[in-house]
Amino acid sequence: MSQREGSLEAPTRHPLDWRSDEFYDDASLFKELERVFDICHGCRRCFNLCNSFPTLFDLVDESDTMEVDGVAKKDYWQVVDHCYLCDMCYMTKCPYVPPHEWNVDFPHLMLRAKAARFKQEGASTRDKILSATDKVGKLAGIPVVVNAVNATNRSKSGRALLEKTLGVHKKAPVPPYHSKTARKRLSRLKDAPTADAKPAAGTTGKVALYTTCYCNRNHPAVNEDLVAVFEHNGIGMRMASKEVCCGMPKLELGDLEAVAKAKEVNVPILAAMVDEGWDIVTPIPSCTLMFKQELPLMFPDDADVIKVRDAMYDPFEYLMLRHKDGLLKTDFAGPLGKVTYQVPCHLRVQNIGLKTRDALELVPDTSVEVIERCSGHDGTYAVKKEFHDISKKIARPVVNKVKKGGADHFTSDCPMAAEQIVQDLDDHSANNPMSLLRKAYGI
């Protein structure tokens with residue numbers, strides 16, 4: 001297919017027609033896969049992103065025709081399996097995204113393929129467990145169980161058994177579990193009184209915290225640091241009365257009905273808080289993106305979904321909006337020095353700019369080196385036996401840059417991305433940027 005000029009208009013996303021029969025129809029799906037793969041083959045701008053594109057291009061180049069029509073349809077699934085919906089091809093590389101007439105949305109086509117396969121075949125035991133974050137976290141966090149789970153995950157024999165039985169790579173970083181979750185540690189926020197907050201820059205100054213299943217059970221200190229920084233800045237804080245997983249792990253699996261079930265729990269509670277004047281933040285970019293983008297595309301006519309989308313903020317986006325109107329405190333107790341900062345893909349997709357960097361650079365005698373490259377983690381991709389080595393290859397440019405940077409701190413908004421990267425570093429630990437900001441405040 002010959003090249004032509006790409007669209008100069010801003011990219012737009014079309015709603016997902018996931019309730020229609022055609023969405024899951026094999027003939028329709030494979031026709032669209034072949035059409036888009038042919039465009040990608042003719043362009044090849046995304047060769048250095050995830051492994052989907054090198055896999056596709058190798059399949060084409062090694063076929064009899066050296067065109068997409070020479071690739072067996074069954075091999076299309078190799079391309080699908082390597083897509084972890086980071087959205088970077090759509091947001092940073094592809095010139096043919098909507099409103100261009102070729103209408104290429106590679107990530108959501110991969111999502112459609114995953115959903116069609118899930119509807120026909122279901123998922124493996126391993127993938128069901130990895131995506132059942134609430135159930136696994138609740139079980140692993142039981143006081144009499146949590147120590148055994150963490151000890152097993154730290155031991156070579158335990159990890160070898162996990163790899164053999166479930167296909168979870170023995171060297172992939174896995175997080176610890178905590179019986180004292182963030183929601184328990186911050187239980188005072190469940191019934192917090194309405195704060196006498198100052199509205200500014202489109203915000204109410206009152207924030208409902210969606211703790212996320214990961215930062216609730218695996219990294220509760222991140223939520224504690226967020227609350228400390230926000231309250232230090234006079235922002236009223238409250239927790240939702242109830243929450244379940246945002247649905248991102250199930251989305252990546254193609255289990256769209258499970259995403260819908262999670263939405264039916266989360267959205268009514270969050271929408272009610274918006275009606276009461278609360279803005280919403282989450283500490284994980286992927287969870288924020290789920291409410292900002294994926295759920296609105298799945299449920300474009302649901303007024304509560306749109307209401308939550310419009311009130312959802314990245315935490316550093318929120319702080320910098322407050323700073324715009326002079327309401328962010330800059331009474332820092334000490335410098336952070338040189339910080340190397342990896343920007344997670346799901347934060348870049350939100351198109352809010354580098355707000356984390358901007359906030360950290362408010363600290364005197366602090367400089368931030370930004371790395372806008374993928375960590376290759378994705379939440380589940382990097383822990384799977386068959387994909388772990390590839391995920392490490394994707395992360396290697398970030399690791400090499402951190403090694404050469406000589407920074408005092410390495411940080412990423414995504415705890416999973418941070419752990420993936422620091423695993424290959426000798427002299428760094430993973431610091432959440434909100435934790436660094438709290439340290440700078442001395443609170």
# chains A, B, ... in the order shown; residues from 1 in each chain; ligands from 1
$ select_by_dssp --residues "range 114-272 of chain A" --states "strand (DSSP E)" --output "PyMOL selection string"
chain A and resi 206-209+236-239
$ write_last_selection --atoms "C-alpha atoms" --output "CSV table (one decimal), in the first residue's frame"
chain,number,residue,atom,x,y,z
A,206,LYS,CA,-12.0,18.5,47.7
A,207,VAL,CA,-10.6,15.1,46.5
A,208,ALA,CA,-12.1,11.7,46.6
A,209,LEU,CA,-9.3,9.1,46.6
A,236,GLY,CA,-9.9,18.1,51.6
A,237,MET,CA,-9.6,14.3,51.3
A,238,ARG,CA,-12.1,11.5,51.5
A,239,MET,CA,-12.2,7.9,50.3
$ residues_around --residues "range 247-253 of chain A" --least-positions-apart "5" --cutoff "8 Å" --atoms "only C-alpha atoms" --output "MDAnalysis selection string"
chainID A and resid 84:85 111 114:115 118 123 127 130:133 258:259 262:263 286:287 290 379:380
$ write_last_selection --atoms "N, CA and C atoms" --output "PDB file, in the first residue's frame"
ATOM      1  N   TYR A  84       0.018  -4.868  24.538  1.00  0.00           N
ATOM      2  CA  TYR A  84      -0.473  -4.716  25.904  1.00  0.00           C
ATOM      3  C   TYR A  84      -1.186  -3.385  26.097  1.00  0.00           C
ATOM      4  N   LEU A  85      -1.695  -2.830  25.008  1.00  0.00           N
ATOM      5  CA  LEU A  85      -2.592  -1.666  25.039  1.00  0.00           C
ATOM      6  C   LEU A  85      -1.938  -0.449  25.694  1.00  0.00           C
ATOM      7  N   LEU A 111      -7.561  -4.960  21.034  1.00  0.00           N
ATOM      8  CA  LEU A 111      -8.526  -5.212  22.097  1.00  0.00           C
ATOM      9  C   LEU A 111      -9.720  -5.992  21.554  1.00  0.00           C
ATOM     10  N   LYS A 114      -8.673  -9.565  21.159  1.00  0.00           N
ATOM     11  CA  LYS A 114      -8.596 -10.219  22.467  1.00  0.00           C
ATOM     12  C   LYS A 114      -9.990 -10.541  22.991  1.00  0.00           C
ATOM     13  N   ALA A 115     -10.922  -9.604  22.796  1.00  0.00           N
ATOM     14  CA  ALA A 115     -12.289  -9.811  23.274  1.00  0.00           C
ATOM     15  C   ALA A 115     -12.977 -10.942  22.514  1.00  0.00           C
ATOM     16  N   PHE A 118     -11.516 -14.166  23.781  1.00  0.00           N
ATOM     17  CA  PHE A 118     -11.989 -14.465  25.129  1.00  0.00           C
ATOM     18  C   PHE A 118     -13.420 -14.991  25.092  1.00  0.00           C
ATOM     19  N   ALA A 123     -10.164 -17.857  29.104  1.00  0.00           N
ATOM     20  CA  ALA A 123      -8.766 -17.533  29.391  1.00  0.00           C
ATOM     21  C   ALA A 123      -8.124 -18.666  30.176  1.00  0.00           C
ATOM     22  N   ASP A 127      -3.948 -16.573  33.434  1.00  0.00           N
ATOM     23  CA  ASP A 127      -4.425 -15.239  33.080  1.00  0.00           C
ATOM     24  C   ASP A 127      -5.634 -14.828  33.915  1.00  0.00           C
ATOM     25  N   LEU A 130      -4.039 -13.771  37.316  1.00  0.00           N
ATOM     26  CA  LEU A 130      -3.310 -12.515  37.240  1.00  0.00           C
ATOM     27  C   LEU A 130      -4.235 -11.310  37.099  1.00  0.00           C
ATOM     28  N   SER A 131      -5.374 -11.500  36.461  1.00  0.00           N
ATOM     29  CA  SER A 131      -6.305 -10.388  36.258  1.00  0.00           C
ATOM     30  C   SER A 131      -7.334 -10.258  37.372  1.00  0.00           C
ATOM     31  N   ALA A 132      -7.374 -11.228  38.291  1.00  0.00           N
ATOM     32  CA  ALA A 132      -8.325 -11.186  39.411  1.00  0.00           C
ATOM     33  C   ALA A 132      -7.665 -10.488  40.592  1.00  0.00           C
ATOM     34  N   THR A 133      -7.335  -9.231  40.432  1.00  0.00           N
ATOM     35  CA  THR A 133      -6.532  -8.515  41.422  1.00  0.00           C
ATOM     36  C   THR A 133      -7.227  -8.389  42.777  1.00  0.00           C
ATOM     37  N   ALA A 258     -16.514  -8.444  32.353  1.00  0.00           N
ATOM     38  CA  ALA A 258     -15.968  -8.220  33.694  1.00  0.00           C
ATOM     39  C   ALA A 258     -15.665  -6.741  33.916  1.00  0.00           C
ATOM     40  N   VAL A 259     -15.216  -6.056  32.862  1.00  0.00           N
ATOM     41  CA  VAL A 259     -14.994  -4.614  32.952  1.00  0.00           C
ATOM     42  C   VAL A 259     -16.307  -3.908  33.258  1.00  0.00           C
ATOM     43  N   ALA A 262     -17.291  -4.339  36.939  1.00  0.00           N
ATOM     44  CA  ALA A 262     -16.524  -3.457  37.823  1.00  0.00           C
ATOM     45  C   ALA A 262     -17.033  -2.030  37.725  1.00  0.00           C
ATOM     46  N   LYS A 263     -17.359  -1.624  36.531  1.00  0.00           N
ATOM     47  CA  LYS A 263     -17.897  -0.274  36.313  1.00  0.00           C
ATOM     48  C   LYS A 263     -19.206  -0.081  37.069  1.00  0.00           C
ATOM     49  N   SER A 286      -2.609   3.980  35.005  1.00  0.00           N
ATOM     50  CA  SER A 286      -3.484   3.078  34.254  1.00  0.00           C
ATOM     51  C   SER A 286      -4.915   3.132  34.768  1.00  0.00           C
ATOM     52  N   CYS A 287      -5.070   3.250  36.078  1.00  0.00           N
ATOM     53  CA  CYS A 287      -6.413   3.319  36.662  1.00  0.00           C
ATOM     54  C   CYS A 287      -7.079   4.652  36.315  1.00  0.00           C
ATOM     55  N   MET A 290      -8.239   4.440  32.818  1.00  0.00           N
ATOM     56  CA  MET A 290      -9.425   3.596  32.672  1.00  0.00           C
ATOM     57  C   MET A 290     -10.696   4.431  32.792  1.00  0.00           C
ATOM     58  N   GLY A 379       1.827  -4.591  33.683  1.00  0.00           N
ATOM     59  CA  GLY A 379       1.004  -5.170  34.745  1.00  0.00           C
ATOM     60  C   GLY A 379       1.004  -6.677  34.739  1.00  0.00           C
ATOM     61  N   THR A 380       0.801  -7.295  33.568  1.00  0.00           N
ATOM     62  CA  THR A 380       0.818  -8.756  33.490  1.00  0.00           C
ATOM     63  C   THR A 380       1.786  -9.263  32.424  1.00  0.00           C
TER      64      THR A 380
END
$ closest_atom_pairs --of "range 388-411 of chain A" --to "range 321-339 of chain A" --cutoff "6 Å" --atoms "only C-alpha atoms" --output "Markdown table"
| residue | atom | partner | partner_atom | distance |
| --- | --- | --- | --- | --- |
| A:Ala407 | CA | A:Lys338 | CA | 4.9 |
| A:Asp408 | CA | A:Lys338 | CA | 5.2 |
| A:His409 | CA | A:Val339 | CA | 4.8 |
| A:Phe410 | CA | A:Val339 | CA | 5.8 |
$ atom_distance --atom1 "CA of Met416 in chain A" --atom2 "CA of Asn218 in chain A"
10.3 Å
$ select_by_dssp --residues "range 53-191 of chain A" --states "helix (DSSP H, G or I)" --output "PDB file with C-alpha atoms, in the first residue's frame"
ATOM      1  CA  PHE A  53       5.249  -4.581  15.225  1.00  0.00           C
ATOM      2  CA  PRO A  54       8.558  -6.463  14.835  1.00  0.00           C
ATOM      3  CA  THR A  55       6.517  -9.667  15.046  1.00  0.00           C
ATOM      4  CA  LEU A  56       4.190  -8.485  12.276  1.00  0.00           C
ATOM      5  CA  PHE A  57       7.007  -7.254  10.051  1.00  0.00           C
ATOM      6  CA  ASP A  58       8.965 -10.496  10.480  1.00  0.00           C
ATOM      7  CA  LEU A  59       5.880 -12.521   9.572  1.00  0.00           C
ATOM      8  CA  VAL A  60       5.451 -10.456   6.411  1.00  0.00           C
ATOM      9  CA  ASP A  61       9.124 -10.504   5.420  1.00  0.00           C
ATOM     10  CA  VAL A  68       0.391  -9.368   4.443  1.00  0.00           C
ATOM     11  CA  ASP A  69      -1.573 -11.694   2.165  1.00  0.00           C
ATOM     12  CA  GLY A  70       1.223 -14.237   2.582  1.00  0.00           C
ATOM     13  CA  LYS A  73      -4.356 -15.925   9.615  1.00  0.00           C
ATOM     14  CA  LYS A  74      -3.511 -18.126  12.606  1.00  0.00           C
ATOM     15  CA  ASP A  75      -0.240 -16.229  12.956  1.00  0.00           C
ATOM     16  CA  TYR A  76      -2.110 -12.962  13.448  1.00  0.00           C
ATOM     17  CA  TRP A  77      -2.514 -13.998  17.083  1.00  0.00           C
ATOM     18  CA  GLN A  78       1.232 -13.657  17.620  1.00  0.00           C
ATOM     19  CA  VAL A  79       0.837  -9.951  16.899  1.00  0.00           C
ATOM     20  CA  VAL A  80      -2.215  -9.655  19.147  1.00  0.00           C
ATOM     21  CA  ASP A  81      -0.495 -11.395  22.066  1.00  0.00           C
ATOM     22  CA  MET A  88       1.887   4.644  22.245  1.00  0.00           C
ATOM     23  CA  CYS A  89       1.513   3.703  18.577  1.00  0.00           C
ATOM     24  CA  TYR A  90      -1.791   5.575  18.469  1.00  0.00           C
ATOM     25  CA  MET A  91      -0.630   8.617  20.397  1.00  0.00           C
ATOM     26  CA  THR A  92       2.939   9.145  19.187  1.00  0.00           C
ATOM     27  CA  LYS A  93       3.618   7.365  15.915  1.00  0.00           C
ATOM     28  CA  PHE A 106      -4.259  -0.410  16.344  1.00  0.00           C
ATOM     29  CA  PRO A 107      -4.659  -0.783  20.142  1.00  0.00           C
ATOM     30  CA  HIS A 108      -8.430  -0.998  20.037  1.00  0.00           C
ATOM     31  CA  LEU A 109      -8.280  -3.431  17.118  1.00  0.00           C
ATOM     32  CA  MET A 110      -6.021  -5.607  19.262  1.00  0.00           C
ATOM     33  CA  LEU A 111      -8.526  -5.212  22.097  1.00  0.00           C
ATOM     34  CA  ARG A 112     -11.303  -6.334  19.746  1.00  0.00           C
ATOM     35  CA  ALA A 113      -9.283  -9.418  18.811  1.00  0.00           C
ATOM     36  CA  LYS A 114      -8.596 -10.219  22.467  1.00  0.00           C
ATOM     37  CA  ALA A 115     -12.289  -9.811  23.274  1.00  0.00           C
ATOM     38  CA  ALA A 116     -13.357 -12.067  20.394  1.00  0.00           C
ATOM     39  CA  ARG A 117     -10.940 -14.765  21.480  1.00  0.00           C
ATOM     40  CA  PHE A 118     -11.989 -14.465  25.129  1.00  0.00           C
ATOM     41  CA  LYS A 119     -15.642 -14.831  24.161  1.00  0.00           C
ATOM     42  CA  GLN A 120     -14.882 -17.978  22.179  1.00  0.00           C
ATOM     43  CA  GLU A 121     -12.208 -19.616  24.329  1.00  0.00           C
ATOM     44  CA  THR A 125      -5.976 -20.322  34.667  1.00  0.00           C
ATOM     45  CA  ARG A 126      -2.833 -18.188  34.867  1.00  0.00           C
ATOM     46  CA  ASP A 127      -4.425 -15.239  33.080  1.00  0.00           C
ATOM     47  CA  LYS A 128      -7.599 -15.479  35.151  1.00  0.00           C
ATOM     48  CA  ILE A 129      -5.557 -15.363  38.363  1.00  0.00           C
ATOM     49  CA  LEU A 130      -3.310 -12.515  37.240  1.00  0.00           C
ATOM     50  CA  SER A 131      -6.305 -10.388  36.258  1.00  0.00           C
ATOM     51  CA  THR A 133      -6.532  -8.515  41.422  1.00  0.00           C
ATOM     52  CA  ASP A 134      -9.236  -8.030  44.045  1.00  0.00           C
ATOM     53  CA  LYS A 135      -9.697 -11.727  44.790  1.00  0.00           C
ATOM     54  CA  VAL A 136      -5.994 -12.524  44.859  1.00  0.00           C
ATOM     55  CA  GLY A 137      -5.185  -9.438  46.926  1.00  0.00           C
ATOM     56  CA  LYS A 138      -7.921 -10.171  49.450  1.00  0.00           C
ATOM     57  CA  LEU A 139      -6.752 -13.770  49.874  1.00  0.00           C
ATOM     58  CA  ALA A 140      -3.034 -12.971  49.958  1.00  0.00           C
ATOM     59  CA  PRO A 143      -3.014 -11.846  58.245  1.00  0.00           C
ATOM     60  CA  VAL A 144      -2.258 -15.552  58.657  1.00  0.00           C
ATOM     61  CA  VAL A 145      -1.566 -15.933  54.940  1.00  0.00           C
ATOM     62  CA  VAL A 146       0.319 -12.780  53.968  1.00  0.00           C
ATOM     63  CA  ASN A 147       3.678 -13.746  55.489  1.00  0.00           C
ATOM     64  CA  ALA A 148       3.644 -17.128  53.764  1.00  0.00           C
ATOM     65  CA  VAL A 149       2.743 -15.560  50.407  1.00  0.00           C
ATOM     66  CA  ASN A 150       5.481 -12.943  50.656  1.00  0.00           C
ATOM     67  CA  ALA A 151       8.059 -15.518  51.780  1.00  0.00           C
ATOM     68  CA  THR A 152       7.165 -17.776  48.852  1.00  0.00           C
ATOM     69  CA  ASN A 153       7.450 -14.898  46.398  1.00  0.00           C
ATOM     70  CA  ARG A 154      10.907 -14.047  47.776  1.00  0.00           C
ATOM     71  CA  LYS A 156      13.954 -19.202  44.611  1.00  0.00           C
ATOM     72  CA  SER A 157      12.114 -22.476  45.176  1.00  0.00           C
ATOM     73  CA  GLY A 158       8.784 -20.694  45.520  1.00  0.00           C
ATOM     74  CA  ARG A 159       9.310 -18.731  42.346  1.00  0.00           C
ATOM     75  CA  ALA A 160      10.440 -21.835  40.461  1.00  0.00           C
ATOM     76  CA  LEU A 161       7.238 -23.586  41.523  1.00  0.00           C
ATOM     77  CA  LEU A 162       5.168 -20.566  40.485  1.00  0.00           C
ATOM     78  CA  GLU A 163       6.801 -20.597  37.061  1.00  0.00           C
ATOM     79  CA  LYS A 164       6.239 -24.317  36.601  1.00  0.00           C
ATOM     80  CA  THR A 165       2.625 -24.358  37.743  1.00  0.00           C
ATOM     81  CA  LEU A 166       1.319 -20.990  36.525  1.00  0.00           C
ATOM     82  CA  ALA A 182      -4.265   1.633  52.461  1.00  0.00           C
ATOM     83  CA  ARG A 183      -8.005   1.673  53.027  1.00  0.00           C
ATOM     84  CA  LYS A 184      -7.418   0.419  56.589  1.00  0.00           C
ATOM     85  CA  ARG A 185      -4.551   2.837  57.210  1.00  0.00           C
ATOM     86  CA  SER A 187      -9.950   4.648  57.344  1.00  0.00           C
ATOM     87  CA  ARG A 188     -10.399   8.096  58.921  1.00  0.00           C
ATOM     88  CA  LEU A 189     -11.108   9.391  55.407  1.00  0.00           C
TER      89      LEU A 189
END
$ atom_distance --atom1 "CA of Leu49 in chain A" --atom2 "CA of Asp426 in chain A"
26.0 Å
$ residues_around --residues "range 344-355 of chain A" --least-positions-apart "2" --cutoff "8 Å" --atoms "only C-alpha atoms" --output "ChimeraX atom specification"
/A:86-88,91,285-286,289,292,316-317,320,342,357-359,372-375,412-414,417
$ write_last_selection --atoms "N, CA and C atoms" --output "CSV table (one decimal), in the first residue's frame"
chain,number,residue,atom,x,y,z
A,86,CYS,N,-0.7,-0.2,25.4
A,86,CYS,CA,0.0,1.0,26.0
A,86,CYS,C,-0.5,2.2,25.3
A,87,ASP,N,-0.9,2.1,24.0
A,87,ASP,CA,-1.5,3.2,23.2
A,87,ASP,C,-0.4,4.1,22.6
A,88,MET,N,0.8,3.8,22.8
A,88,MET,CA,1.9,4.6,22.2
A,88,MET,C,1.9,4.7,20.7
A,91,MET,N,-0.8,7.2,19.9
A,91,MET,CA,-0.6,8.6,20.4
A,91,MET,C,0.6,9.3,19.9
A,285,PRO,N,-1.4,5.6,37.0
A,285,PRO,CA,-1.8,6.2,35.7
A,285,PRO,C,-2.8,5.3,35.0
A,286,SER,N,-2.6,4.0,35.0
A,286,SER,CA,-3.5,3.1,34.3
A,286,SER,C,-4.9,3.1,34.8
A,289,LEU,N,-6.4,6.4,33.7
A,289,LEU,CA,-6.8,6.3,32.2
A,289,LEU,C,-8.0,5.5,32.0
A,292,LYS,N,-10.7,7.8,32.6
A,292,LYS,CA,-10.7,9.0,31.7
A,292,LYS,C,-11.0,8.6,30.2
A,316,PHE,N,-0.6,14.6,40.1
A,316,PHE,CA,0.3,15.8,39.9
A,316,PHE,C,-0.4,16.8,38.9
A,317,GLU,N,-1.3,16.4,38.1
A,317,GLU,CA,-2.1,17.3,37.3
A,317,GLU,C,-2.9,18.2,38.2
A,320,MET,N,-0.7,20.7,40.1
A,320,MET,CA,-0.2,21.8,39.3
A,320,MET,C,-1.3,22.8,38.9
A,342,GLN,N,11.0,8.3,34.8
A,342,GLN,CA,10.4,7.5,33.6
A,342,GLN,C,8.9,7.8,33.6
A,357,ARG,N,7.0,16.0,36.5
A,357,ARG,CA,8.3,16.7,36.4
A,357,ARG,C,8.2,18.2,36.9
A,358,ASP,N,7.1,18.8,36.5
A,358,ASP,CA,6.9,20.2,36.8
A,358,ASP,C,6.8,20.4,38.3
A,359,ALA,N,6.1,19.5,39.0
A,359,ALA,CA,5.9,19.6,40.4
A,359,ALA,C,7.2,19.4,41.2
A,372,GLU,N,11.0,9.3,28.3
A,372,GLU,CA,9.7,9.0,27.7
A,372,GLU,C,9.9,7.7,26.9
A,373,ARG,N,10.1,6.6,27.6
A,373,ARG,CA,10.3,5.3,27.0
A,373,ARG,C,9.5,4.3,27.8
A,374,CYS,N,9.0,3.3,27.2
A,374,CYS,CA,8.2,2.3,27.8
A,374,CYS,C,9.0,1.4,28.7
A,375,SER,N,8.5,0.9,29.8
A,375,SER,CA,9.2,0.0,30.7
A,375,SER,C,8.9,-1.5,30.3
A,412,SER,N,9.1,6.8,39.0
A,412,SER,CA,8.1,6.6,37.9
A,412,SER,C,6.8,6.6,38.6
A,413,ASP,N,5.8,7.2,38.0
A,413,ASP,CA,4.4,7.3,38.5
A,413,ASP,C,3.8,5.9,38.7
A,414,CYS,N,4.3,4.9,37.9
A,414,CYS,CA,3.8,3.5,37.9
A,414,CYS,C,4.7,2.7,38.8
A,417,ALA,N,6.1,-0.3,36.7
A,417,ALA,CA,7.2,0.1,35.8
A,417,ALA,C,8.5,0.3,36.6
